[in-house]
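The file coords03.txt contains compact mmCIF, C-alpha atoms:
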```txt
# COMPACT_ATOMS: atom_id res chain seq x y z
CA MET A 17 84.06 195.91 86.67
CA LYS A 18 85.48 199.17 85.21
CA HIS A 19 86.55 197.33 82.06
CA ALA A 20 83.04 195.89 81.63
CA PHE A 21 81.49 199.34 82.13
CA PHE A 22 83.69 201.01 79.49
CA ALA A 23 83.15 198.09 77.12
CA SER A 24 79.40 198.58 77.42
CA LEU A 25 79.81 202.28 76.55
CA LEU A 26 81.80 201.40 73.45
CA LEU A 27 79.20 198.86 72.34
CA ALA A 28 76.18 201.08 73.06
CA PRO A 29 76.03 202.78 69.63
CA PHE A 30 75.85 199.36 67.95
CA ILE A 31 72.96 197.98 70.07
CA THR A 32 69.78 198.03 68.01
CA HIS A 33 66.27 197.96 69.39
CA ALA A 34 63.87 195.29 68.19
CA SER A 35 61.97 196.43 65.14
CA LEU A 36 58.22 196.86 64.87
CA THR A 37 57.07 194.12 62.52
CA GLY A 38 53.75 193.90 60.76
CA TYR A 39 52.25 190.58 59.63
CA LYS A 40 49.80 191.08 56.80
CA GLY A 41 46.93 188.68 56.12
CA ASP A 42 43.33 187.89 57.00
CA ILE A 43 43.22 188.00 60.78
CA LEU A 44 40.89 185.95 63.00
CA HIS A 45 40.77 186.27 66.78
CA PHE A 46 38.31 186.63 69.63
CA THR A 47 38.09 188.98 72.59
CA GLY A 48 35.32 186.96 74.24
CA ASP A 49 33.00 184.03 73.65
CA PRO A 50 31.23 184.67 70.31
CA GLN A 51 28.28 182.60 71.48
CA GLU A 52 27.66 185.11 74.23
CA LYS A 53 28.52 188.25 72.26
CA ILE A 54 28.92 188.24 68.48
CA GLN A 55 31.01 191.41 68.68
CA SER A 56 33.73 189.33 70.36
CA ARG A 57 34.54 187.78 67.01
CA HIS A 58 37.04 189.73 64.93
CA TYR A 59 37.79 188.86 61.31
CA ILE A 60 39.86 191.47 59.51
CA HIS A 61 40.28 190.98 55.78
CA ASN A 62 43.63 192.37 54.65
CA GLY A 63 44.64 193.08 58.24
CA LEU A 64 47.95 193.80 59.91
CA LEU A 65 49.19 192.32 63.18
CA LEU A 66 51.91 194.45 64.79
CA VAL A 67 54.52 192.80 67.00
CA LYS A 68 57.51 194.16 68.89
CA ASP A 69 59.83 192.46 71.38
CA GLY A 70 57.60 189.37 71.35
CA TYR A 71 54.39 191.18 72.30
CA ILE A 72 51.30 192.34 70.45
CA VAL A 73 51.33 196.09 69.76
CA ASP A 74 48.06 196.40 67.84
CA VAL A 75 45.90 194.82 65.17
CA GLY A 76 43.59 196.30 62.55
CA SER A 77 43.23 196.98 58.86
CA SER A 78 46.52 197.06 57.01
CA THR A 79 45.94 200.59 55.74
CA ALA A 80 45.09 201.99 59.17
CA MET A 81 47.91 200.20 60.99
CA GLN A 82 50.57 201.29 58.48
CA ALA A 83 49.42 204.90 58.65
CA LYS A 84 49.38 204.89 62.46
CA TYR A 85 52.58 202.98 63.25
CA HIS A 86 54.86 203.01 60.17
CA PRO A 87 56.25 199.50 60.90
CA ASP A 88 59.93 198.83 60.21
CA GLN A 89 59.05 195.79 58.12
CA ILE A 90 55.97 194.00 56.84
CA ILE A 91 55.84 190.25 56.27
CA ASP A 92 53.20 189.54 53.67
CA TYR A 93 50.90 186.55 54.25
CA SER A 94 48.14 187.82 51.98
CA GLY A 95 45.60 185.10 51.24
CA LYS A 96 46.52 183.32 54.49
CA ILE A 97 44.77 183.49 57.88
CA ILE A 98 46.66 184.73 60.94
CA SER A 99 45.30 183.42 64.24
CA PRO A 100 46.47 183.12 67.84
CA GLY A 101 48.27 179.83 68.41
CA PHE A 102 46.23 176.83 69.50
CA VAL A 103 45.88 175.88 73.17
CA ASP A 104 45.80 172.15 73.98
CA THR A 105 44.17 171.74 77.39
CA HIS A 106 44.88 168.02 77.81
CA VAL A 107 47.61 165.79 76.36
CA HIS A 108 50.08 163.08 77.48
CA PHE A 109 53.55 163.57 76.02
CA PRO A 110 54.89 160.03 76.77
CA GLN A 111 52.03 158.48 74.84
CA ILE A 112 53.06 159.80 71.42
CA GLU A 113 54.92 156.54 70.81
CA MET A 114 51.80 154.40 71.34
CA THR A 115 49.16 156.69 69.82
CA ALA A 116 46.20 154.88 68.25
CA SER A 117 46.88 151.50 69.83
CA TYR A 118 44.19 149.11 68.72
CA GLY A 119 40.98 147.86 70.21
CA LYS A 120 40.59 148.64 73.92
CA GLN A 121 38.50 150.78 76.19
CA LEU A 122 40.03 153.00 78.83
CA LEU A 123 40.95 150.68 81.71
CA ASP A 124 42.29 147.78 79.62
CA TRP A 125 44.01 150.27 77.31
CA LEU A 126 45.87 151.77 80.28
CA ASP A 127 47.05 148.34 81.44
CA ASP A 128 48.03 147.00 78.03
CA TYR A 129 49.52 150.05 76.35
CA VAL A 130 49.93 153.16 78.49
CA PHE A 131 51.57 151.87 81.63
CA PRO A 132 54.21 149.74 79.82
CA THR A 133 55.06 152.76 77.67
CA GLU A 134 55.34 155.16 80.60
CA ILE A 135 57.72 152.85 82.48
CA LYS A 136 60.34 153.54 79.80
CA PHE A 137 60.39 157.24 80.72
CA SER A 138 62.48 156.61 83.81
CA ALA A 139 65.48 156.58 81.44
CA PRO A 140 66.72 160.18 80.90
CA GLU A 141 67.83 159.62 77.31
CA HIS A 142 64.51 158.09 76.30
CA ALA A 143 62.55 160.86 78.03
CA THR A 144 64.67 163.55 76.40
CA ILE A 145 64.28 162.11 72.89
CA TYR A 146 60.51 161.87 73.12
CA ALA A 147 60.12 165.22 74.85
CA GLY A 148 61.87 166.78 71.87
CA LYS A 149 59.68 164.90 69.39
CA PHE A 150 56.58 165.97 71.31
CA ILE A 151 57.46 169.67 71.44
CA ASP A 152 58.37 169.64 67.74
CA GLU A 153 55.02 168.06 66.84
CA LEU A 154 53.08 170.60 68.91
CA ILE A 155 54.79 173.40 66.99
CA ASN A 156 54.28 171.60 63.67
CA ASN A 157 50.55 171.50 64.41
CA GLY A 158 50.30 175.13 65.50
CA THR A 159 49.95 174.47 69.23
CA THR A 160 51.80 177.13 71.19
CA THR A 161 50.47 176.38 74.69
CA ALA A 162 49.63 173.04 76.29
CA LEU A 163 48.67 171.48 79.61
CA VAL A 164 50.61 168.22 79.59
CA PHE A 165 50.80 164.99 81.58
CA ALA A 166 54.33 163.63 82.04
CA THR A 167 54.80 160.36 83.98
CA SER A 168 55.23 159.59 87.67
CA ASN A 169 59.01 159.78 87.26
CA PRO A 170 60.52 163.26 87.75
CA VAL A 171 62.95 162.49 84.91
CA SER A 172 60.09 162.85 82.43
CA VAL A 173 59.10 166.25 83.85
CA ASP A 174 62.65 167.56 83.68
CA ALA A 175 62.99 166.40 80.08
CA LEU A 176 59.74 168.01 78.97
CA PHE A 177 60.33 171.33 80.73
CA SER A 178 63.88 171.52 79.40
CA LYS A 179 62.71 171.12 75.80
CA ALA A 180 59.84 173.58 76.24
CA LEU A 181 62.14 176.12 77.86
CA GLY A 182 64.50 175.85 74.91
CA LYS A 183 61.63 176.87 72.60
CA ASN A 184 60.36 179.57 74.99
CA MET A 185 56.97 177.85 75.01
CA ARG A 186 54.18 178.53 77.46
CA LEU A 187 53.69 175.02 78.79
CA ILE A 188 52.28 173.55 82.01
CA SER A 189 53.08 170.07 83.29
CA GLY A 190 53.83 168.06 86.39
CA LYS A 191 54.76 164.71 87.86
CA VAL A 192 51.90 162.20 87.83
CA LEU A 193 50.78 161.15 91.32
CA MET A 194 49.70 157.53 91.72
CA ASP A 195 50.33 155.12 94.55
CA ARG A 196 47.99 152.22 93.71
CA ASN A 197 46.31 150.23 90.91
CA ALA A 198 49.24 150.53 88.51
CA PRO A 199 52.50 148.63 87.87
CA ALA A 200 55.05 148.90 90.71
CA PRO A 201 57.67 150.81 88.65
CA LEU A 202 55.16 153.64 88.20
CA LEU A 203 54.00 153.90 91.79
CA ASP A 204 55.09 156.49 94.31
CA THR A 205 54.03 156.92 97.92
CA PRO A 206 52.30 159.90 99.51
CA GLU A 207 55.67 160.88 100.98
CA THR A 208 57.65 160.64 97.73
CA ALA A 209 54.78 162.22 95.82
CA TYR A 210 54.99 165.26 98.06
CA GLN A 211 58.78 165.54 98.12
CA GLN A 212 59.27 165.01 94.38
CA SER A 213 56.45 167.39 93.46
CA LYS A 214 57.76 170.06 95.82
CA MET A 215 61.24 169.74 94.34
CA LEU A 216 59.92 170.03 90.79
CA ILE A 217 57.67 172.99 91.61
CA GLU A 218 60.53 174.95 93.11
CA LYS A 219 62.82 174.02 90.24
CA TRP A 220 60.52 174.84 87.33
CA LYS A 221 57.57 177.02 88.36
CA ASN A 222 57.63 180.37 86.55
CA LYS A 223 60.94 179.56 84.89
CA GLY A 224 60.66 181.15 81.47
CA ARG A 225 57.04 180.70 80.46
CA LEU A 226 56.57 177.40 82.30
CA GLY A 227 53.91 176.53 84.84
CA TYR A 228 53.49 173.59 87.18
CA ALA A 229 50.43 171.37 87.56
CA VAL A 230 49.79 169.03 90.48
CA THR A 231 48.79 165.90 88.59
CA PRO A 232 46.96 162.99 90.22
CA ARG A 233 46.35 160.68 87.25
CA PHE A 234 42.78 159.93 88.29
CA ALA A 235 41.04 158.99 91.50
CA PRO A 236 41.41 155.18 91.08
CA THR A 237 45.23 155.37 91.10
CA SER A 238 45.46 157.60 94.17
CA SER A 239 44.81 156.58 97.74
CA GLU A 240 43.08 159.01 100.04
CA ALA A 241 46.47 159.84 101.54
CA GLU A 242 47.82 160.66 98.06
CA LEU A 243 44.86 162.93 97.30
CA ARG A 244 45.47 164.72 100.58
CA VAL A 245 49.04 165.34 99.38
CA ALA A 246 47.68 166.89 96.18
CA GLY A 247 45.48 169.20 98.24
CA ARG A 248 48.40 170.12 100.47
CA LEU A 249 50.54 171.07 97.47
CA LEU A 250 47.78 173.31 96.13
CA ARG A 251 47.51 175.07 99.47
CA GLU A 252 51.27 175.54 99.77
CA TYR A 253 51.66 176.72 96.17
CA PRO A 254 48.44 178.58 95.31
CA ASP A 255 49.71 179.68 91.90
CA VAL A 256 50.08 176.14 90.49
CA TRP A 257 47.47 174.26 88.46
CA LEU A 258 45.65 170.99 89.07
CA GLN A 259 45.07 168.56 86.20
CA THR A 260 43.41 165.17 86.33
CA HIS A 261 40.76 163.02 84.63
CA LEU A 262 37.05 163.00 85.45
CA ALA A 263 34.25 160.62 84.42
CA GLU A 264 35.75 159.55 81.10
CA ASN A 265 34.32 156.03 81.01
CA TRP A 266 31.36 154.28 82.70
CA GLN A 267 33.56 151.47 84.09
CA GLU A 268 35.85 154.09 85.59
CA VAL A 269 32.89 155.91 87.17
CA SER A 270 31.68 152.66 88.75
CA TRP A 271 35.19 151.89 90.00
CA VAL A 272 35.43 155.27 91.71
CA LYS A 273 32.11 154.61 93.44
CA THR A 274 33.53 151.32 94.78
CA LEU A 275 36.84 152.85 95.89
CA PHE A 276 35.24 155.91 97.51
CA PRO A 277 31.85 154.66 98.77
CA TRP A 278 31.35 157.76 100.91
CA SER A 279 31.45 160.11 97.90
CA LYS A 280 28.35 161.70 96.39
CA SER A 281 29.90 161.63 92.91
CA TYR A 282 33.22 161.29 91.10
CA LEU A 283 33.73 165.05 91.29
CA ASP A 284 32.91 164.97 94.99
CA VAL A 285 36.06 162.88 95.59
CA TYR A 286 38.21 165.68 94.20
CA ARG A 287 36.22 168.39 95.97
CA HIS A 288 36.59 166.58 99.30
CA TYR A 289 40.38 166.96 99.07
CA GLY A 290 40.36 170.57 97.92
CA LEU A 291 41.20 169.84 94.30
CA VAL A 292 38.34 171.73 92.62
CA THR A 293 39.78 175.23 92.19
CA PRO A 294 39.81 178.07 89.64
CA LYS A 295 43.04 176.59 88.22
CA SER A 296 41.81 172.99 88.04
CA VAL A 297 41.27 171.35 84.66
CA PHE A 298 39.24 168.14 84.49
CA ALA A 299 39.80 166.16 81.31
CA HIS A 300 36.87 164.48 79.56
CA SER A 301 33.95 165.00 81.99
CA VAL A 302 31.81 162.88 79.67
CA HIS A 303 29.59 161.32 82.34
CA VAL A 304 29.03 164.29 84.63
CA SER A 305 25.69 165.27 86.13
CA ASP A 306 24.14 168.69 85.77
CA ALA A 307 24.65 169.22 89.50
CA ASP A 308 28.38 168.58 89.15
CA PHE A 309 28.61 170.92 86.16
CA GLN A 310 27.06 173.55 88.41
CA ILE A 311 29.72 172.87 91.05
CA LEU A 312 32.47 173.22 88.43
CA ALA A 313 30.97 176.55 87.39
CA THR A 314 30.57 177.80 90.96
CA LEU A 315 34.18 176.94 91.80
CA HIS A 316 35.41 178.33 88.44
CA SER A 317 37.06 175.08 87.38
CA SER A 318 37.49 174.03 83.75
CA VAL A 319 36.94 170.98 81.59
CA ALA A 320 38.93 169.72 78.60
CA PHE A 321 36.77 168.39 75.78
CA CYS A 322 38.71 165.55 74.09
CA PRO A 323 36.54 164.32 71.21
CA LEU A 324 39.11 162.25 69.30
CA SER A 325 40.00 160.26 72.39
CA ASN A 326 36.40 159.80 73.52
CA LEU A 327 35.45 158.47 70.09
CA PHE A 328 38.54 156.28 69.67
CA LEU A 329 38.23 154.61 73.10
CA GLY A 330 34.44 154.39 72.93
CA SER A 331 34.11 156.44 76.11
CA GLY A 332 31.04 158.47 75.20
CA LEU A 333 29.90 161.80 73.79
CA PHE A 334 30.71 164.92 75.78
CA ASN A 335 27.67 167.15 76.33
CA LEU A 336 29.07 170.49 75.25
CA GLU A 337 25.69 172.22 75.49
CA GLN A 338 25.36 171.14 79.11
CA SER A 339 28.80 172.53 79.90
CA GLN A 340 28.01 175.79 78.12
CA LYS A 341 24.58 176.10 79.74
CA ASN A 342 26.27 175.95 83.14
CA GLN A 343 28.94 178.43 81.99
CA VAL A 344 31.82 176.04 82.68
CA LYS A 345 35.10 177.13 81.10
CA THR A 346 35.73 174.63 78.30
CA GLY A 347 38.82 174.08 76.17
CA LEU A 348 39.80 171.44 73.63
CA GLY A 349 42.33 168.67 74.21
CA THR A 350 44.05 166.25 71.85
CA ASP A 351 44.54 163.68 74.65
CA VAL A 352 47.25 161.87 72.71
CA GLY A 353 47.66 158.87 72.90
CA GLY A 354 43.94 158.12 73.35
CA GLY A 355 43.45 160.90 70.87
CA THR A 356 44.86 159.96 67.50
CA SER A 357 46.49 163.25 66.51
CA LEU A 358 48.23 166.30 67.98
CA SER A 359 46.43 168.42 65.38
CA MET A 360 43.98 170.81 67.02
CA LEU A 361 42.33 171.17 63.61
CA LYS A 362 41.49 167.47 63.71
CA VAL A 363 40.24 167.92 67.28
CA MET A 364 37.94 170.72 66.08
CA GLY A 365 36.62 168.37 63.41
CA GLY A 366 36.04 165.73 66.07
CA ALA A 367 34.26 168.22 68.33
CA TYR A 368 31.80 169.04 65.55
CA ASN A 369 31.24 165.33 64.87
CA VAL A 370 30.46 164.67 68.54
CA THR A 371 27.80 167.37 68.63
CA GLN A 372 26.26 165.89 65.49
CA LEU A 373 26.43 162.31 66.73
CA ARG A 374 24.58 163.19 69.94
CA LYS A 375 21.52 163.72 67.74
CA ALA A 376 21.37 159.96 67.17
CA PHE A 377 20.72 159.33 70.86
CA THR A 378 17.71 161.55 71.40
CA GLU A 379 14.12 161.67 70.19
CA THR A 380 14.44 165.43 69.70
CA PRO A 381 17.56 165.86 67.53
CA GLU A 382 16.35 169.30 66.49
CA ASN A 383 17.15 170.51 70.03
CA ILE A 384 20.85 169.70 69.63
CA HIS A 385 22.69 172.34 67.66
CA PRO A 386 25.84 171.51 65.69
CA LEU A 387 28.95 173.23 66.99
CA ASP A 388 29.34 176.62 65.32
CA PRO A 389 32.72 176.91 63.51
CA MET A 390 33.58 180.21 65.18
CA GLU A 391 32.75 178.84 68.63
CA ASN A 392 34.95 175.85 67.82
CA TRP A 393 37.89 178.09 66.87
CA TYR A 394 37.29 180.17 70.00
CA MET A 395 37.60 177.04 72.18
CA ALA A 396 40.90 176.19 70.48
CA THR A 397 42.33 179.67 71.17
CA LEU A 398 40.95 182.15 73.70
CA GLY A 399 38.56 179.58 75.19
CA GLY A 400 41.48 177.26 75.86
CA ALA A 401 43.45 180.14 77.34
CA ARG A 402 40.52 180.90 79.66
CA ALA A 403 40.29 177.24 80.66
CA LEU A 404 43.95 177.46 81.73
CA SER A 405 43.50 180.87 83.43
CA LEU A 406 45.95 182.33 80.90
CA ASP A 407 43.64 184.58 78.90
CA HIS A 408 45.33 187.65 80.37
CA VAL A 409 48.54 186.79 78.48
CA ILE A 410 47.60 184.63 75.47
CA GLY A 411 44.67 183.61 73.28
CA SER A 412 43.89 186.83 71.40
CA PHE A 413 45.58 189.76 69.71
CA THR A 414 44.85 192.27 72.45
CA PRO A 415 47.74 194.77 72.76
CA GLY A 416 50.27 193.71 75.39
CA LYS A 417 49.66 189.97 75.06
CA GLU A 418 52.39 187.52 74.12
CA ALA A 419 52.81 187.12 70.36
CA ASP A 420 52.10 183.41 69.93
CA PHE A 421 50.40 183.05 66.56
CA ILE A 422 50.04 180.87 63.51
CA VAL A 423 49.65 181.33 59.77
CA ILE A 424 46.95 179.15 58.22
CA ASN A 425 47.07 178.22 54.53
CA PRO A 426 43.51 177.51 53.34
CA GLN A 427 44.94 176.02 50.12
CA SER A 428 47.47 173.68 51.73
CA ASP A 429 46.29 170.68 49.71
CA ASN A 430 44.12 170.22 46.64
CA ALA A 431 40.97 169.05 48.41
CA LEU A 432 41.03 171.93 50.87
CA LYS A 433 41.85 174.38 48.10
CA ILE A 434 38.84 173.25 46.07
CA ARG A 435 36.59 173.58 49.12
CA THR A 436 37.81 176.97 50.37
CA GLU A 437 37.87 178.52 46.90
CA ASN A 438 34.13 177.84 46.78
CA SER A 439 33.37 179.13 50.28
CA LYS A 440 30.66 181.77 50.28
CA SER A 441 31.48 183.18 53.73
CA VAL A 442 34.21 183.40 56.33
CA GLU A 443 32.35 180.86 58.47
CA SER A 444 32.23 178.42 55.57
CA LYS A 445 35.98 178.75 54.98
CA ILE A 446 36.82 178.31 58.68
CA PHE A 447 34.53 175.29 58.90
CA ALA A 448 36.26 173.68 55.93
CA ILE A 449 39.66 174.23 57.55
CA GLU A 450 38.42 172.66 60.80
CA MET A 451 37.02 169.60 59.03
CA MET A 452 39.74 169.08 56.40
CA GLY A 453 42.89 170.71 57.77
CA ASP A 454 45.95 169.07 59.30
CA ASP A 455 49.59 169.93 60.06
CA ARG A 456 50.15 170.93 56.41
CA THR A 457 47.54 173.67 56.86
CA ILE A 458 49.73 175.28 59.53
CA GLU A 459 52.18 177.13 57.30
CA HIS A 460 54.05 178.92 60.11
CA THR A 461 54.10 178.94 63.89
CA TYR A 462 55.42 181.91 65.89
CA ILE A 463 56.33 181.83 69.58
CA MET A 464 56.81 185.23 71.24
CA GLY A 465 57.25 186.73 67.80
CA GLU A 466 59.91 184.24 66.69
CA LYS A 467 59.16 181.98 63.74
CA VAL A 468 59.71 178.36 64.81
CA LYS A 469 58.03 176.67 61.83
```
In structure tokens, what does this structure look like?
Amino acid sequence: MKHAFFASLLLAPFITHASLTGYKGDILHFTGDPQEKIQSRHYIHNGLLLVKDGYIVDVGSSTAMQAKYHPDQIIDYSGKIISPGFVDTHVHFPQIEMTASYGKQLLDWLDDYVFPTEIKFSAPEHATIYAGKFIDELINNGTTTALVFATSNPVSVDALFSKALGKNMRLISGKVLMDRNAPAPLLDTPETAYQQSKMLIEKWKNKGRLGYAVTPRFAPTSSEAELRVAGRLLREYPDVWLQTHLAENWQEVSWVKTLFPWSKSYLDVYRHYGLVTPKSVFAHSVHVSDADFQILATLHSSVAFCPLSNLFLGSGLFNLEQSQKNQVKTGLGTDVGGGTSLSMLKVMGGAYNVTQLRKAFTETPENIHPLDPMENWYMATLGGARALSLDHVIGSFTPGKEADFIVINPQSDNALKIRTENSKSVESKIFAIEMMGDDRTIEHTYIMGEKVK
């Protein structure tokens, strides 16, 4: 011990403190919902984002920030847009190997493509390989936080968390709970569901920047005993999340009514077992009544809007205005593999298209407003963070938050360059990026101040 103490004294003069780094560019972030308060939108031309030890120090005009802080170094991204990293509120990591499988709706698609794929994730090597591919693709697409489905096998959860921990990512996941209506190799029992989930929670919860989510796949694959287990886990571990699917497809909604004849609605099944909480995220919510949106709002739960998946599987058109009217926290989700890309830019394009397409199914299309580009970007950043109850640590450039951010190149390909060069406003440029951007548009991704792309 004495030797270690004296060695530390000798080394002390050579220990350097992390430098204050400024990132110069056009900065876009939100401190609230711009639809509710326009002042929540912040676009700083020729701005400077200051980062130290992985946390945001301040943000403002480059001239003012340099005069106030005298940063040790400035990294110049002039002409680029610096934004908080994207937040994916619903995605399935094992499904990246069968993304965009042809020609089915939800229930047949699960049987023919998803379940056979997920069975393979009982093999540690396979799970590890694809967990690495998945994390790399999130980063490549500028996603720095995600709420992720693994499979029912704990091996898949361990593989995903290990890879995320290695990148210091803020990621939430959990073992899928399902004890019926799926192939035998994927089924657990209420007893094993509880024991395996408990083991994984205690192993991974709050390790690094990881979080755990109790994860019943959806009501049709869980018996009432299994749903009671999910509720028990939430009571025993009140700081974990709940993620599941809700009212994605009309056949699914009808099936739930048959399996749970006592329920008032699909959401009522989850509420009955204590699964509708402030840290619950319900993916899709396409076919949800106004009364159930009100319940989601009252209980402070969130929904994940997954436009690419809903369009690809023919599930329906999410009513974003209804969700917003009821003040339900709403984030965006890629939902790979039903969704066809891990790019949140493509998801933003899909979200706009859904709001436009809803006009075709009403006699008063003028009453449906296209999704505002700034509101869209908000949902992909701070809105997603709010949906995950993480807006106190990520999602904006408020001093003290974690420095997860991305650098957007509005001239990443010729078509986008032509479009953005002719943009007459910031909104026009952002809209073009949302509609035309992809992984090439994400020039750099930073996690806790460290460049990982």
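Comparing A:Gln51, A:Trp266, A:Met452, A:Phe328 by their smallest distance to Lys341 of chain A, the closest is A:Gln51 (using all atoms listed in the file).
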Within 12 Å of segment 286-304 of chain A: each segment 365-404 of chain A residue with its shortest pair, all atoms listed in the file, as a tab-separated table:
```
residue	atom	partner	partner_atom	distance
A:Val370	CA	A:Val302	CA	11.4
A:Gly400	CA	A:Val297	CA	10.6
A:Ala401	CA	A:Lys295	CA	11.5
A:Arg402	CA	A:Lys295	CA	9.9
A:Ala403	CA	A:Val297	CA	7.2
A:Leu404	CA	A:Lys295	CA	6.6
```
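For the atom pair formed by atom CA of Thr144 of chain A and atom CA of His108 of chain A, the distance is 14.6 Å, given to one decimal.
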**Counting only C-alpha atoms, the residue of A:Ala246, A:Ala419, A:Ile97, A:Met81 that sits nearest Lys445 of chain A** = A:Ile97
**Request:** Could you give me, as number ranges by chain, the residues that sit within 12 Å of (42.1, 146.5, 83.0) in the file's coordinates, counting all atoms listed in the file?
**Result:** A: 120-131, 197-199, 236, 267-268, 271
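One finds atom CA of Ala166 of chain A at 14.2 Å from atom CA of Trp257 of chain A.
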**Request:** Please write as a count of residues only the list of polymer residues whose atoms come within 9 Å of (55.1, 162.2, 86.4), counting all atoms listed in the file and keeping to the coordinates of the file.
**Result:** 19
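Coordinates place atom CA of Asn326 of chain A at a distance of 10.1 Å from atom CA of Thr350 of chain A.
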**Item:** Counting only C-alpha atoms, the option among A:Phe137, A:Phe234, A:Tyr253, A:Phe276 closest to Met215 of chain A
**Value:** A:Tyr253
**Prompt:** From the set A:Lys179, A:Lys223, A:Lys96, A:Lys469, which residue has the shortest atom-to-atom contact distance to Thr436 of chain A, counting only C-alpha atoms?
**Reply:** A:Lys96
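Ranking A:Gly453, A:Leu181, A:Glu134, A:Ser238 by their shortest atom-to-atom distance to Lys221 of chain A, with all atoms listed in the file included, puts A:Leu181 first.
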